[in-house]
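Taking it in order: structure first as structure tokens, then the write-up.
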Amino acid sequence: MILSYMRTIFLYLVLILVIRLMGKRQIGEMEASEFVVTMLVANLAAIPMQDGGIPLYSGLVPILTVLGVELVLSSLSLRSIRLRRLLCGKPVILIENGRVLQENMRATRVTMDELMGHLRDKDVMDVQTVQYAILETNGTLSVFPYPKEVPAAAKDAGIHPKERYLPVTIIEDGYLFRENLACAGKDEAWVHRILGEYRAGIANTWLLTVDKADHVVWLGKETNG
């Protein structure tokens, strides 16, 4: 039983490493070839997990082989447009100048219900307000309304909003990130001064952030009961 647990944990860690090596896009929007590789790796790992009589290397060898093929094809696709088109396909225009291209819809097997659903996700209700809608190779729909249908940006309205800065996390869940203090230009004396203003300590701080404009956000831990 202990051996079975150890095999499962080991294969779990190997899968995490494989997915990390394949790139972050594997977790989100995947191409067809990437989806196939992910499914293969999961199935190959499940076999030695379930059957303790199968040697561990019998699962590792196919997993590493699939990973190697994926990395090689990814490298080659960066250099060859033809191979990239073969593996990933190419974007297809579904709406052009407010007109649905029915032939392209049939070629990509996208129904009007699916198209309208994607448009609603983009807050678009009327097809005729769309100048271009493009089905990308990863299955997402890029929507470009006519310029007159796009909400005015701040610069178009003559508004000059304040510049925003990325906050730096100083404390999270009671842990002080000392390496982030240098990035924020602060020291531990500053931390204790800020915590003193909130009558708090590091241990009971859930979140403390600061940005370049010295805007501080402090959240305390919630107490049970």
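Ordered as shown in the structure tokens, chains take letters A, B, and onward, while each chain numbers its residues from 1 and ligands are numbered from 1 in the order shown.
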
Discussion item. According to DSSP computed on the backbone, where in stretch 13-209 of chain A is there alpha helix (DSSP H)? Give the residues as a PyMOL selection string.
Written reply: chain A and resi 13-22+32-50+56-79+81-88+102-108+112-121+178-184+188-197

Item to complete: Using DSSP on the backbone coordinates, identify the residues of stretch 66-149 of chain A assigned to strand (DSSP E or B); present them as a list in words.
Response: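 Here is the list: Val92, Ile93, Leu94, Ile95, Glu96, Arg99, Val100, Val130, Gln131, Tyr132, Ala133, Ile134, Leu135, Leu141, Ser142, Val143, Phe144 and Pro145 of chain A.
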
Discussion item. One number please: atom CA of A:Tyr146 to atom CA of A:Tyr132, in Å, one decimal.
Written reply: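 Between these atoms lies a distance of 8.2 Å.
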
Worksheet entry | All residues 10 Å or closer to A:Gly201, only C-alpha atoms, same chain fewer than 6 positions away omitted, as a list in words |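 Result of the neighbour search: Gly174, Val191, His192, Ile194, Leu195 and Gly220 of chain A.
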
Discussion item. What's the separation between atom CA of A:Gly53 and atom CA of A:Val14, in Å to one decimal place?
Written reply: 19.3 Å

Discussion item. Give me, as a PyMOL selection string, all polymer residues having an atom no more than 9 Å from A:Leu60, counting only C-alpha atoms and skipping those fewer than 3 positions away in the same chain.
Written reply: chain A and resi 11+14+44-45+48+56-57+63-65

Mind writing the picked residues with N, CA and C atoms as a short mmCIF file (atom, residue, chain, number, x, y, z; two decimals), in the first residue's frame?
```cif
data_model
loop_
_atom_site.label_atom_id
_atom_site.label_comp_id
_atom_site.auth_asym_id
_atom_site.auth_seq_id
_atom_site.Cartn_x
_atom_site.Cartn_y
_atom_site.Cartn_z
N LEU A 11 4.60 9.95 -9.74
CA LEU A 11 4.05 10.23 -11.06
C LEU A 11 3.33 11.58 -11.08
N VAL A 14 5.97 14.10 -11.51
CA VAL A 14 6.48 14.04 -12.89
C VAL A 14 5.52 14.76 -13.83
N LEU A 44 -1.31 7.97 -19.87
CA LEU A 44 -0.11 7.16 -19.67
C LEU A 44 0.27 7.08 -18.19
N ALA A 45 0.04 8.16 -17.47
CA ALA A 45 0.37 8.17 -16.05
C ALA A 45 -0.63 7.37 -15.23
N PRO A 48 0.29 3.08 -14.72
CA PRO A 48 1.13 2.59 -13.61
C PRO A 48 0.61 3.01 -12.24
N LEU A 56 7.56 1.01 -12.94
CA LEU A 56 7.38 2.46 -13.01
C LEU A 56 7.94 3.04 -14.30
N TYR A 57 9.05 2.48 -14.77
CA TYR A 57 9.65 3.02 -16.00
C TYR A 57 8.76 2.80 -17.22
N ILE A 63 5.76 8.73 -21.30
CA ILE A 63 5.50 10.13 -20.94
C ILE A 63 6.63 11.02 -21.42
N LEU A 64 7.87 10.61 -21.16
CA LEU A 64 9.02 11.41 -21.57
C LEU A 64 9.16 11.43 -23.09
N THR A 65 8.75 10.32 -23.76
CA THR A 65 8.79 10.29 -25.23
C THR A 65 7.81 11.30 -25.81
#
```

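Here the question is which of A:Leu101, A:Ala200, A:Leu207, A:Glu188 gets nearest to A:Tyr175 using only C-alpha atoms, and that residue is A:Leu207.
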
Worksheet item: A:Asn97, A:Leu71, A:Val130, A:His160: which is nearest A:Met116, counting only C-alpha atoms?
Response: A:Val130

Item to complete: Would you list the contacts of A:Asp214 as a PyMOL selection string, taking every protein, DNA or RNA residue within 12 Å and counting only C-alpha atoms, but skipping same-chain residues closer than 2 positions in sequence?
Response: chain A and resi 164-168+184-186+190+194+208-212+216-217

Discussion item. Would you pick out the contacts of A:Arg109 at 12 Å or less, using only C-alpha atoms, so that residues sharing its chain but fewer than 6 positions from it are not included, and give the list as a ChimeraX atom specification?
Written reply: /A:92,94,102-103,115,135,139

Discussion item. Just to confirm, what's the straight-line distance from atom CA of A:Arg99 to atom CA of A:Gln131 in Å (one decimal)?
Written reply: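 Interatomic distance here is 8.3 Å.
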